[in-house]
Structure formats: C-alpha cells, structure tokens
file coords-v2.cif (mmCIF, C-alpha atoms and all ligand atoms)
data_coords
loop_
_atom_site.group_PDB
_atom_site.id
_atom_site.type_symbol
_atom_site.label_atom_id
_atom_site.label_comp_id
_atom_site.auth_asym_id
_atom_site.auth_seq_id
_atom_site.Cartn_x
_atom_site.Cartn_y
_atom_site.Cartn_z
ATOM 1 C CA MET Z 25 0.000 0.000 0.000
ATOM 2 C CA ARG Z 26 1.398 3.391 -0.972
ATOM 3 C CA LYS Z 27 1.475 6.021 1.762
ATOM 4 C CA LYS Z 28 -0.184 9.194 0.542
ATOM 5 C CA LEU Z 29 1.759 12.451 0.317
ATOM 6 C CA VAL Z 30 0.242 15.917 0.542
ATOM 7 C CA ALA Z 31 2.724 18.639 -0.384
ATOM 8 C CA GLY Z 32 2.213 22.391 -0.412
ATOM 9 C CA ASN Z 33 3.895 24.322 -3.204
ATOM 10 C CA TRP Z 34 4.003 27.863 -1.902
ATOM 11 C CA LYS Z 35 5.402 29.209 -5.201
ATOM 12 C CA MET Z 36 6.627 32.828 -4.852
ATOM 13 C CA HIS Z 37 4.598 33.535 -1.733
ATOM 14 C CA LYS Z 38 5.540 34.278 1.885
ATOM 15 C CA THR Z 39 8.368 36.293 3.353
ATOM 16 C CA ARG Z 40 10.371 34.579 6.088
ATOM 17 C CA LYS Z 41 8.098 36.013 8.757
ATOM 18 C CA GLU Z 42 4.962 34.977 6.900
ATOM 19 C CA ALA Z 43 6.418 31.527 6.249
ATOM 20 C CA ALA Z 44 7.158 30.996 9.939
ATOM 21 C CA ASP Z 45 3.634 32.093 10.838
ATOM 22 C CA LEU Z 46 2.090 29.725 8.289
ATOM 23 C CA VAL Z 47 4.150 26.762 9.449
ATOM 24 C CA CYS Z 48 3.226 27.410 13.080
ATOM 25 C CA ALA Z 49 -0.434 27.636 12.101
ATOM 26 C CA ILE Z 50 -0.219 24.384 10.104
ATOM 27 C CA LEU Z 51 1.406 22.554 13.020
ATOM 28 C CA ALA Z 52 -1.212 23.904 15.445
ATOM 29 C CA GLU Z 53 -4.028 22.906 13.113
ATOM 30 C CA LEU Z 54 -2.530 19.423 12.630
ATOM 31 C CA GLY Z 55 -2.250 18.914 16.371
ATOM 32 C CA GLY Z 56 0.002 15.863 16.311
ATOM 33 C CA GLY Z 57 0.225 13.002 13.895
ATOM 34 C CA SER Z 58 -1.132 12.229 10.494
ATOM 35 C CA SER Z 59 -1.604 9.059 8.531
ATOM 36 C CA CYS Z 60 -0.052 10.532 5.389
ATOM 37 C CA ASP Z 61 3.280 12.114 4.578
ATOM 38 C CA ILE Z 62 3.177 15.909 4.559
ATOM 39 C CA ALA Z 63 5.561 18.449 3.062
ATOM 40 C CA VAL Z 64 5.749 22.196 2.605
ATOM 41 C CA CYS Z 65 7.833 23.799 -0.132
ATOM 42 C CA PRO Z 66 8.450 27.470 0.691
ATOM 43 C CA PRO Z 67 10.565 29.813 -1.448
ATOM 44 C CA PHE Z 68 14.337 29.340 -1.097
ATOM 45 C CA THR Z 69 14.657 32.418 1.123
ATOM 46 C CA ALA Z 70 12.378 30.902 3.782
ATOM 47 C CA LEU Z 71 13.808 27.359 3.865
ATOM 48 C CA ASP Z 72 16.310 28.102 6.594
ATOM 49 C CA THR Z 73 13.645 29.846 8.668
ATOM 50 C CA VAL Z 74 11.145 27.029 8.372
ATOM 51 C CA ALA Z 75 13.552 24.086 8.788
ATOM 52 C CA PRO Z 76 14.042 24.338 12.577
ATOM 53 C CA LEU Z 77 10.291 24.804 13.110
ATOM 54 C CA LEU Z 78 9.620 21.478 11.366
ATOM 55 C CA LYS Z 79 12.188 19.441 13.313
ATOM 56 C CA GLY Z 80 10.488 16.566 15.112
ATOM 57 C CA THR Z 81 7.120 17.239 13.443
ATOM 58 C CA PRO Z 82 5.288 15.134 10.831
ATOM 59 C CA VAL Z 83 5.850 17.877 8.226
ATOM 60 C CA ALA Z 84 8.883 17.605 5.931
ATOM 61 C CA LEU Z 85 10.618 20.386 4.064
ATOM 62 C CA GLY Z 86 10.846 20.654 0.294
ATOM 63 C CA ALA Z 87 12.328 23.068 -2.233
ATOM 64 C CA GLN Z 88 10.702 24.261 -5.462
ATOM 65 C CA ASN Z 89 13.673 23.605 -7.749
ATOM 66 C CA VAL Z 90 17.202 22.228 -7.678
ATOM 67 C CA HIS Z 91 20.204 22.530 -9.978
ATOM 68 C CA TRP Z 92 21.926 19.521 -11.538
ATOM 69 C CA GLU Z 93 25.484 20.413 -10.538
ATOM 70 C CA VAL Z 94 26.861 20.287 -7.008
ATOM 71 C CA HIS Z 95 28.503 23.714 -7.327
ATOM 72 C CA GLY Z 96 29.904 25.971 -10.009
ATOM 73 C CA ALA Z 97 29.327 29.091 -12.049
ATOM 74 C CA PHE Z 98 25.517 28.926 -12.263
ATOM 75 C CA THR Z 99 24.324 32.321 -11.095
ATOM 76 C CA GLY Z 100 20.965 32.194 -9.391
ATOM 77 C CA GLU Z 101 20.874 28.432 -8.977
ATOM 78 C CA ILE Z 102 20.864 26.262 -5.837
ATOM 79 C CA SER Z 103 22.309 22.749 -5.600
ATOM 80 C CA ALA Z 104 20.903 19.614 -4.014
ATOM 81 C CA VAL Z 105 23.747 19.492 -1.505
ATOM 82 C CA MET Z 106 22.814 22.987 -0.305
ATOM 83 C CA LEU Z 107 19.186 21.957 0.072
ATOM 84 C CA LYS Z 108 20.101 18.798 1.951
ATOM 85 C CA GLU Z 109 22.240 20.813 4.351
ATOM 86 C CA ILE Z 110 19.272 23.038 5.214
ATOM 87 C CA GLY Z 111 17.123 19.988 5.871
ATOM 88 C CA CYS Z 112 15.143 19.548 2.679
ATOM 89 C CA VAL Z 113 13.702 16.107 2.024
ATOM 90 C CA TYR Z 114 11.894 16.837 -1.257
ATOM 91 C CA ALA Z 115 12.500 18.996 -4.314
ATOM 92 C CA ILE Z 116 9.798 19.883 -6.836
ATOM 93 C CA ILE Z 117 11.224 19.591 -10.351
ATOM 94 C CA GLY Z 118 9.848 20.632 -13.720
ATOM 95 C CA HIS Z 119 6.767 22.477 -12.527
ATOM 96 C CA SER Z 120 4.787 23.750 -15.515
ATOM 97 C CA GLU Z 121 5.467 27.333 -14.451
ATOM 98 C CA ARG Z 122 9.192 26.631 -14.767
ATOM 99 C CA ARG Z 123 8.634 24.981 -18.137
ATOM 100 C CA GLN Z 124 6.477 27.899 -19.302
ATOM 101 C CA TYR Z 125 8.419 30.888 -17.971
ATOM 102 C CA PHE Z 126 11.974 29.692 -17.355
ATOM 103 C CA GLY Z 127 12.826 27.445 -20.271
ATOM 104 C CA GLU Z 128 12.704 24.170 -18.365
ATOM 105 C CA THR Z 129 12.828 21.184 -20.708
ATOM 106 C CA ASP Z 130 12.491 17.438 -20.229
ATOM 107 C CA GLN Z 131 16.293 17.260 -20.495
ATOM 108 C CA THR Z 132 16.897 19.760 -17.675
ATOM 109 C CA VAL Z 133 14.142 18.105 -15.644
ATOM 110 C CA ASN Z 134 15.967 14.816 -16.046
ATOM 111 C CA ALA Z 135 19.316 16.295 -15.019
ATOM 112 C CA ARG Z 136 17.771 17.941 -11.972
ATOM 113 C CA ALA Z 137 15.928 14.767 -10.930
ATOM 114 C CA ARG Z 138 19.044 12.616 -11.165
ATOM 115 C CA ALA Z 139 21.084 15.165 -9.205
ATOM 116 C CA ALA Z 140 18.402 15.337 -6.516
ATOM 117 C CA LEU Z 141 18.419 11.548 -6.169
ATOM 118 C CA THR Z 142 22.204 11.401 -6.030
ATOM 119 C CA ALA Z 143 22.183 13.901 -3.167
ATOM 120 C CA GLY Z 144 19.505 11.944 -1.298
ATOM 121 C CA LEU Z 145 16.551 14.221 -2.014
ATOM 122 C CA LEU Z 146 13.184 12.878 -3.148
ATOM 123 C CA PRO Z 147 12.310 14.551 -6.457
ATOM 124 C CA ILE Z 148 8.669 15.434 -7.134
ATOM 125 C CA VAL Z 149 8.742 15.475 -10.926
ATOM 126 C CA CYS Z 150 5.865 17.405 -12.493
ATOM 127 C CA VAL Z 151 4.195 16.558 -15.786
ATOM 128 C CA GLY Z 152 0.983 17.686 -17.450
ATOM 129 C CA GLU Z 153 -0.607 18.865 -20.653
ATOM 130 C CA THR Z 154 -1.818 22.336 -21.636
ATOM 131 C CA LEU Z 155 -5.433 23.034 -22.507
ATOM 132 C CA ALA Z 156 -4.616 23.163 -26.227
ATOM 133 C CA GLN Z 157 -2.923 19.775 -25.956
ATOM 134 C CA ARG Z 158 -5.894 18.255 -24.114
ATOM 135 C CA ASP Z 159 -8.369 19.726 -26.585
ATOM 136 C CA GLY Z 160 -6.177 18.434 -29.404
ATOM 137 C CA GLY Z 161 -6.323 14.893 -28.026
ATOM 138 C CA GLU Z 162 -2.607 14.909 -27.239
ATOM 139 C CA THR Z 163 -2.714 14.404 -23.467
ATOM 140 C CA GLU Z 164 -1.413 10.833 -23.473
ATOM 141 C CA LYS Z 165 1.331 11.548 -25.966
ATOM 142 C CA VAL Z 166 2.528 14.673 -24.141
ATOM 143 C CA VAL Z 167 2.498 13.102 -20.684
ATOM 144 C CA GLU Z 168 4.203 9.950 -21.925
ATOM 145 C CA ALA Z 169 7.023 11.962 -23.510
ATOM 146 C CA GLN Z 170 7.478 14.049 -20.349
ATOM 147 C CA VAL Z 171 7.634 10.930 -18.165
ATOM 148 C CA ARG Z 172 9.971 8.975 -20.426
ATOM 149 C CA ARG Z 173 12.389 11.859 -21.005
ATOM 150 C CA GLY Z 174 12.156 13.443 -17.577
ATOM 151 C CA LEU Z 175 12.832 10.138 -15.836
ATOM 152 C CA ALA Z 176 15.295 8.613 -18.299
ATOM 153 C CA ASP Z 177 18.302 6.757 -16.880
ATOM 154 C CA ILE Z 178 17.193 6.712 -13.258
ATOM 155 C CA PRO Z 179 19.387 4.117 -11.510
ATOM 156 C CA ALA Z 180 17.362 1.036 -10.537
ATOM 157 C CA ASP Z 181 18.073 1.407 -6.830
ATOM 158 C CA GLN Z 182 16.829 5.022 -6.764
ATOM 159 C CA TRP Z 183 13.397 4.567 -8.315
ATOM 160 C CA SER Z 184 11.725 3.940 -4.949
ATOM 161 C CA ARG Z 185 12.410 7.590 -3.968
ATOM 162 C CA VAL Z 186 10.851 9.138 -7.072
ATOM 163 C CA VAL Z 187 7.512 10.950 -6.804
ATOM 164 C CA ILE Z 188 5.573 12.133 -9.863
ATOM 165 C CA ALA Z 189 2.995 14.923 -9.852
ATOM 166 C CA TYR Z 190 0.408 15.049 -12.627
ATOM 167 C CA GLU Z 191 -0.607 18.680 -12.961
ATOM 168 C CA PRO Z 192 -2.751 19.503 -15.977
ATOM 169 C CA VAL Z 193 -1.699 23.063 -16.820
ATOM 170 C CA TRP Z 194 -5.303 24.134 -17.448
ATOM 171 C CA ALA Z 195 -6.201 23.185 -13.860
ATOM 172 C CA ILE Z 196 -3.438 25.141 -12.125
ATOM 173 C CA GLY Z 197 -4.677 28.242 -10.343
ATOM 174 C CA THR Z 198 -7.817 28.291 -12.461
ATOM 175 C CA GLY Z 199 -10.317 26.738 -10.067
ATOM 176 C CA ARG Z 200 -11.012 24.233 -12.825
ATOM 177 C CA THR Z 201 -10.035 20.843 -11.401
ATOM 178 C CA ALA Z 202 -9.615 17.727 -13.482
ATOM 179 C CA THR Z 203 -12.465 15.373 -12.685
ATOM 180 C CA PRO Z 204 -11.428 12.389 -10.577
ATOM 181 C CA GLN Z 205 -12.020 10.245 -13.666
ATOM 182 C CA GLN Z 206 -9.829 12.432 -15.910
ATOM 183 C CA ALA Z 207 -7.049 12.464 -13.332
ATOM 184 C CA GLN Z 208 -7.292 8.735 -12.639
ATOM 185 C CA GLU Z 209 -6.962 7.949 -16.344
ATOM 186 C CA VAL Z 210 -3.701 9.871 -16.640
ATOM 187 C CA HIS Z 211 -2.364 8.522 -13.352
ATOM 188 C CA ALA Z 212 -3.019 4.968 -14.520
ATOM 189 C CA LEU Z 213 -1.281 5.772 -17.795
ATOM 190 C CA ILE Z 214 1.758 7.107 -15.929
ATOM 191 C CA ARG Z 215 1.888 3.959 -13.812
ATOM 192 C CA ARG Z 216 1.793 1.791 -16.946
ATOM 193 C CA ILE Z 217 4.657 3.791 -18.464
ATOM 194 C CA ILE Z 218 6.719 3.445 -15.268
ATOM 195 C CA ALA Z 219 6.047 -0.295 -15.296
ATOM 196 C CA GLU Z 220 7.540 -0.426 -18.791
ATOM 197 C CA MET Z 221 10.502 1.732 -17.791
ATOM 198 C CA ALA Z 222 11.329 0.305 -14.378
ATOM 199 C CA GLY Z 223 9.230 -2.814 -13.814
ATOM 200 C CA ALA Z 224 5.922 -3.631 -12.181
ATOM 201 C CA THR Z 225 7.207 -3.553 -8.611
ATOM 202 C CA VAL Z 226 8.597 -0.034 -8.946
ATOM 203 C CA ALA Z 227 5.399 1.123 -10.645
ATOM 204 C CA GLN Z 228 3.224 -0.316 -7.885
ATOM 205 C CA GLY Z 229 5.241 1.464 -5.194
ATOM 206 C CA LEU Z 230 5.577 4.816 -6.963
ATOM 207 C CA ARG Z 231 3.546 7.737 -5.663
ATOM 208 C CA ILE Z 232 1.714 9.833 -8.231
ATOM 209 C CA LEU Z 233 0.260 13.082 -6.869
ATOM 210 C CA TYR Z 234 -2.457 15.156 -8.483
ATOM 211 C CA GLY Z 235 -2.074 18.945 -8.662
ATOM 212 C CA GLY Z 236 -4.326 21.638 -10.061
ATOM 213 C CA SER Z 237 -6.968 23.446 -8.000
ATOM 214 C CA MET Z 238 -7.097 20.720 -5.369
ATOM 215 C CA LYS Z 239 -9.180 22.074 -2.487
ATOM 216 C CA PRO Z 240 -10.712 20.634 0.685
ATOM 217 C CA ALA Z 241 -13.998 20.222 -1.195
ATOM 218 C CA ASN Z 242 -12.607 18.014 -3.984
ATOM 219 C CA ALA Z 243 -9.552 16.423 -2.348
ATOM 220 C CA ARG Z 244 -11.235 13.373 -0.867
ATOM 221 C CA GLU Z 245 -12.855 12.302 -4.102
ATOM 222 C CA LEU Z 246 -9.651 12.782 -6.082
ATOM 223 C CA MET Z 247 -7.479 10.930 -3.587
ATOM 224 C CA SER Z 248 -9.913 8.042 -3.286
ATOM 225 C CA ARG Z 249 -9.089 6.982 -6.847
ATOM 226 C CA PRO Z 250 -6.795 3.965 -6.993
ATOM 227 C CA ASP Z 251 -3.831 5.654 -8.687
ATOM 228 C CA ILE Z 252 -4.017 9.086 -7.002
ATOM 229 C CA ASP Z 253 -1.570 8.957 -4.114
ATOM 230 C CA GLY Z 254 -1.843 12.477 -2.777
ATOM 231 C CA GLY Z 255 -1.749 16.072 -3.878
ATOM 232 C CA LEU Z 256 0.570 18.904 -4.814
ATOM 233 C CA ILE Z 257 -1.304 21.934 -3.573
ATOM 234 C CA GLY Z 258 -0.830 25.549 -4.648
ATOM 235 C CA GLY Z 259 -3.370 28.143 -3.533
ATOM 236 C CA ALA Z 260 -5.006 26.031 -0.835
ATOM 237 C CA ALA Z 261 -1.596 25.388 0.766
ATOM 238 C CA LEU Z 262 -1.170 29.070 1.604
ATOM 239 C CA GLU Z 263 -3.700 28.834 4.422
ATOM 240 C CA ALA Z 264 -3.256 26.475 7.358
ATOM 241 C CA LYS Z 265 -6.876 25.379 7.634
ATOM 242 C CA SER Z 266 -7.409 24.488 3.969
ATOM 243 C CA PHE Z 267 -4.035 22.737 3.741
ATOM 244 C CA VAL Z 268 -4.680 20.621 6.819
ATOM 245 C CA ASP Z 269 -8.216 19.884 5.645
ATOM 246 C CA ILE Z 270 -6.674 18.415 2.481
ATOM 247 C CA VAL Z 271 -4.230 16.407 4.599
ATOM 248 C CA ARG Z 272 -7.220 15.020 6.531
ATOM 249 C CA ALA Z 273 -9.072 14.250 3.316
ATOM 250 C CA SER Z 274 -6.261 11.933 2.302
ATOM 251 C CA ALA Z 275 -7.004 9.527 5.170
HETATM 252 P P1 LIG Z 301 -3.204 25.405 -7.498
HETATM 253 O O1 LIG Z 301 -3.513 24.419 -6.396
HETATM 254 O O2 LIG Z 301 -3.169 26.817 -7.020
HETATM 255 O O3 LIG Z 301 -4.047 25.181 -8.705
HETATM 256 O O4 LIG Z 301 -1.677 25.091 -7.940
HETATM 257 C C1 LIG Z 301 -1.323 23.792 -8.203
HETATM 258 C C2 LIG Z 301 0.140 23.725 -8.391
HETATM 259 O O5 LIG Z 301 0.671 24.279 -9.341
HETATM 260 C C3 LIG Z 301 0.932 22.993 -7.397
HETATM 261 O O6 LIG Z 301 2.241 22.799 -7.820
#
call {"tool": "encode", "arguments": {"input": "coords-v2.cif", "output": "structure tokens"}}
result
Amino acid sequence: MRKKLVAGNWKMHKTRKEAADLVCAILAELGGGSSCDIAVCPPFTALDTVAPLLKGTPVALGAQNVHWEVHGAFTGEISAVMLKEIGCVYAIIGHSERRQYFGETDQTVNARARAALTAGLLPIVCVGETLAQRDGGETEKVVEAQVRRGLADIPADQWSRVVIAYEPVWAIGTGRTATPQQAQEVHALIRRIIAEMAGATVAQGLRILYGGSMKPANARELMSRPDIDGGLIGGAALEAKSFVDIVRASA
C-alpha cells in the first residue's frame, strides 16, 4: 500500500516572517500526527527559517527547484547538496510554471531529478498537458514523452524515492479541477509507463500526486481513486486550515 503524500507548493509567496507564521499555524491545526506524509515547499529564502520549526514534526521540508550540478558558475541556482544541508527532504522539479516561464525542458528536468536523487533528495517530478494539448487529443502523448524523457536513466536502486505529480496546466490556479475520472486515467497511464521503464514492482510502489486546483472540497474524491496517491497543492496550501483539511481528506 502506498502512503499518501500531501505537499504544499508555496510558489513565490511568503516572506520569512509569513512563512514561519504559516508553518506554526499548520502545526497547530494538525495537532500531532497524520496518517499521510506531509511536506511544505516554501521559497528558497524561507527554507532556513522554516527548517528548525519542522524538526520533530510530521511535516517535511521541500524546495521548489534544484540545480543539476553540485557547485559551479551557475548564477541564481541552488544545488541539491545545499538543500540537503538546510534539511530539505523533497525537491519539486519541472513544474509547468518553470517549463512555461523559465525554459525548463524534459532534459533539464531529467538532469535535476538525477542530481536530486544522487544527493539523497526525493524529487517530485511534475508533468501535465496544456489546454490546447488536451483539446487536441494529445494528453497521453505529451504526458508519456514528459515521463519517459524526464525520468530517463534513473538508476534502478533510486526509483523507490521518485515521486511524480500530474498537474494539468489548465487546472493550475484556475479553479477548474480535473475530474477524478480524468485524473485517474492519466495517473493509470503514468503507472503503466513506469512499469515499462522500471518494472511492475517499482510502478506499484511509486507515488503519483495530483495537482491543479485541489481544495478541501474536492480532495477526498480525487485521492480516493486507486492511482491518485496524494496532492501537490498551490493556492489552498497558503492557508493552514485548507491545507490541513486536504491532509485530513487523504485519510
Ligand atoms: P493550485 O492548487 O493553485 O491550482 O496550484 C497547483 C500547483 O501548481 C501545485 O504545484
């Protein structure tokens, strides 16, 4: 049985002070344990502020990106070793906003994912089609290419730490969620592709999160589908109550 994961992607929100306040509110709202894995992914500037607050709690720390080299002349980038040192467990990789605005490609996604794994981080690799691609009947083709290229050449012994997030671009920040059926279809497709790439056992153990306007009101139905193993939450993760309500809905 796969343990569900609910991760908050805070995107470019929250100063250090605001981040500390949100984490404290999340921990208070959680009030102890949880049956699923939980992570928050604040902006880089707040990681070091949030890390000590999460020590000894059920909430893990994640970053929103990671570079593929350990160090070097890469102005503006942050390496996996640096993130590990701060206490990060996860790193989101290849979010559609990075693909859309910052030139992220399947090749750079792949390099980042492999570097994250090498450093001991758990990559959350994002895939998903645009509205034009869905309307054009290209969803399966697009997602398959992103999965195969983004996760090419993952060493066999590292597959168990990979997480995939299916985030249809048309559902992100739009309030228009994929239906549980639409999401389940793509999740099942991704699991079939992983089975071909890495074997049935890896595919059965791999967590595939859904992201795109997941809210307390729709989270339970989405996460009750057999191949939906949690959520990557944007807007609803910026408020303690709605984030924790989604965590509870995963049970
Ligand atoms: P929203 O939940 O705001 O739609 O964002 C989803 C997302 O992009 C998470 O990575």
call {"tool": "residues_near_ligand", "arguments": {"input": "coords-v2.cif", "ligand": "ligand LIG 301 (chain Z)", "cutoff": "10 Å", "atoms": "all atoms listed in the file", "output": "number ranges by chain"}}
result
Z: 31-35, 65, 88, 116-121, 148, 150, 189-201, 233-239, 255-262
call {"tool": "closest_residue", "arguments": {"input": "coords-v2.cif", "among": "Z:Ser274, Z:Thr129, Z:Gln205, Z:Thr142", "to": "Lys28 of chain Z", "atoms": "all atoms listed in the file"}}
result
Z:Ser274
call {"tool": "closest_residue", "arguments": {"input": "coords-v2.cif", "among": "Z:Ala139, Z:Ala43, Z:Leu78, Z:Ile50", "to": "Ile102 of chain Z", "atoms": "all atoms listed in the file"}}
result
Z:Ala139
call {"tool": "atom_distance", "arguments": {"input": "coords-v2.cif", "atom1": "atom CA of Ser58 of chain Z", "atom2": "atom CA of Val268 of chain Z"}}
result
9.8 Å
call {"tool": "closest_residue", "arguments": {"input": "coords-v2.cif", "among": "Z:Arg216, Z:Gln208, Z:Cys60, Z:Gly161", "to": "Met25 of chain Z", "atoms": "only C-alpha atoms"}}
result
Z:Cys60
call {"tool": "atom_distance", "arguments": {"input": "coords-v2.cif", "atom1": "atom CA of Ile178 of chain Z", "atom2": "atom CA of Gln124 of chain Z"}}
result
24.5 Å
call {"tool": "residues_around", "arguments": {"input": "coords-v2.cif", "residues": "Ala63 of chain Z", "least_positions_apart": "6", "cutoff": "8 Å", "atoms": "all atoms listed in the file", "output": "ChimeraX atom specification"}}
result
/Z:29-32,83-86,114
call {"tool": "atom_distance", "arguments": {"input": "coords-v2.cif", "atom1": "atom CA of Val105 of chain Z", "atom2": "atom CA of Pro66 of chain Z"}}
result
17.4 Å
call {"tool": "closest_residue", "arguments": {"input": "coords-v2.cif", "among": "Z:Gln170, Z:Gly254, Z:Asp177, Z:Arg185", "to": "Ile214 of chain Z", "atoms": "all atoms listed in the file"}}
result
Z:Gln170
call {"tool": "resolve_selection", "arguments": {"input": "coords-v2.cif", "expression": "the PyMOL selection byres (((chain Z and resi 221-228) around 9) and not hetatm)", "output": "list in words"}}
result
Met25, Arg26, Arg172, Leu175, Ala176, Ile178, Ala180, Trp183, Ser184, Ile214, Arg215, Arg216, Ile217, Ile218, Ala219, Glu220, Gly229, Leu230 and Arg231 of chain Z
call {"tool": "write_last_selection", "arguments": {"input": "coords-v2.cif", "atoms": "C-alpha atoms", "output": "mmCIF file, in the coordinates of the input"}}
result
data_model
loop_
_atom_site.group_PDB
_atom_site.id
_atom_site.type_symbol
_atom_site.label_atom_id
_atom_site.label_comp_id
_atom_site.auth_asym_id
_atom_site.auth_seq_id
_atom_site.Cartn_x
_atom_site.Cartn_y
_atom_site.Cartn_z
ATOM 1 C CA MET Z 25 0.000 0.000 0.000
ATOM 2 C CA ARG Z 26 1.398 3.391 -0.972
ATOM 3 C CA ARG Z 172 9.971 8.975 -20.426
ATOM 4 C CA LEU Z 175 12.832 10.138 -15.836
ATOM 5 C CA ALA Z 176 15.295 8.613 -18.299
ATOM 6 C CA ILE Z 178 17.193 6.712 -13.258
ATOM 7 C CA ALA Z 180 17.362 1.036 -10.537
ATOM 8 C CA TRP Z 183 13.397 4.567 -8.315
ATOM 9 C CA SER Z 184 11.725 3.940 -4.949
ATOM 10 C CA ILE Z 214 1.758 7.107 -15.929
ATOM 11 C CA ARG Z 215 1.888 3.959 -13.812
ATOM 12 C CA ARG Z 216 1.793 1.791 -16.946
ATOM 13 C CA ILE Z 217 4.657 3.791 -18.464
ATOM 14 C CA ILE Z 218 6.719 3.445 -15.268
ATOM 15 C CA ALA Z 219 6.047 -0.295 -15.296
ATOM 16 C CA GLU Z 220 7.540 -0.426 -18.791
ATOM 17 C CA GLY Z 229 5.241 1.464 -5.194
ATOM 18 C CA LEU Z 230 5.577 4.816 -6.963
ATOM 19 C CA ARG Z 231 3.546 7.737 -5.663
#
call {"tool": "closest_residue", "arguments": {"input": "coords-v2.cif", "among": "Z:Arg173, Z:His95, Z:Arg249, Z:Arg244", "to": "Ala207 of chain Z", "atoms": "all atoms listed in the file"}}
result
Z:Arg249
call {"tool": "residues_around", "arguments": {"input": "coords-v2.cif", "residues": "Ala241 of chain Z", "least_positions_apart": "2", "cutoff": "10 Å", "atoms": "all atoms listed in the file", "output": "count of residues only"}}
result
10
call {"tool": "closest_residue", "arguments": {"input": "coords-v2.cif", "among": "Z:Val113, Z:Ala75, Z:Cys48, Z:Ala202", "to": "Leu155 of chain Z", "atoms": "all atoms listed in the file"}}
result
Z:Ala202
call {"tool": "residues_near_point", "arguments": {"input": "coords-v2.cif", "point": "(13.1, 28.3, 12.2)", "cutoff": "10 Å", "atoms": "all atoms listed in the file", "output": "PyMOL selection string"}}
result
chain Z and resi 40-41+43-44+47-48+70-79
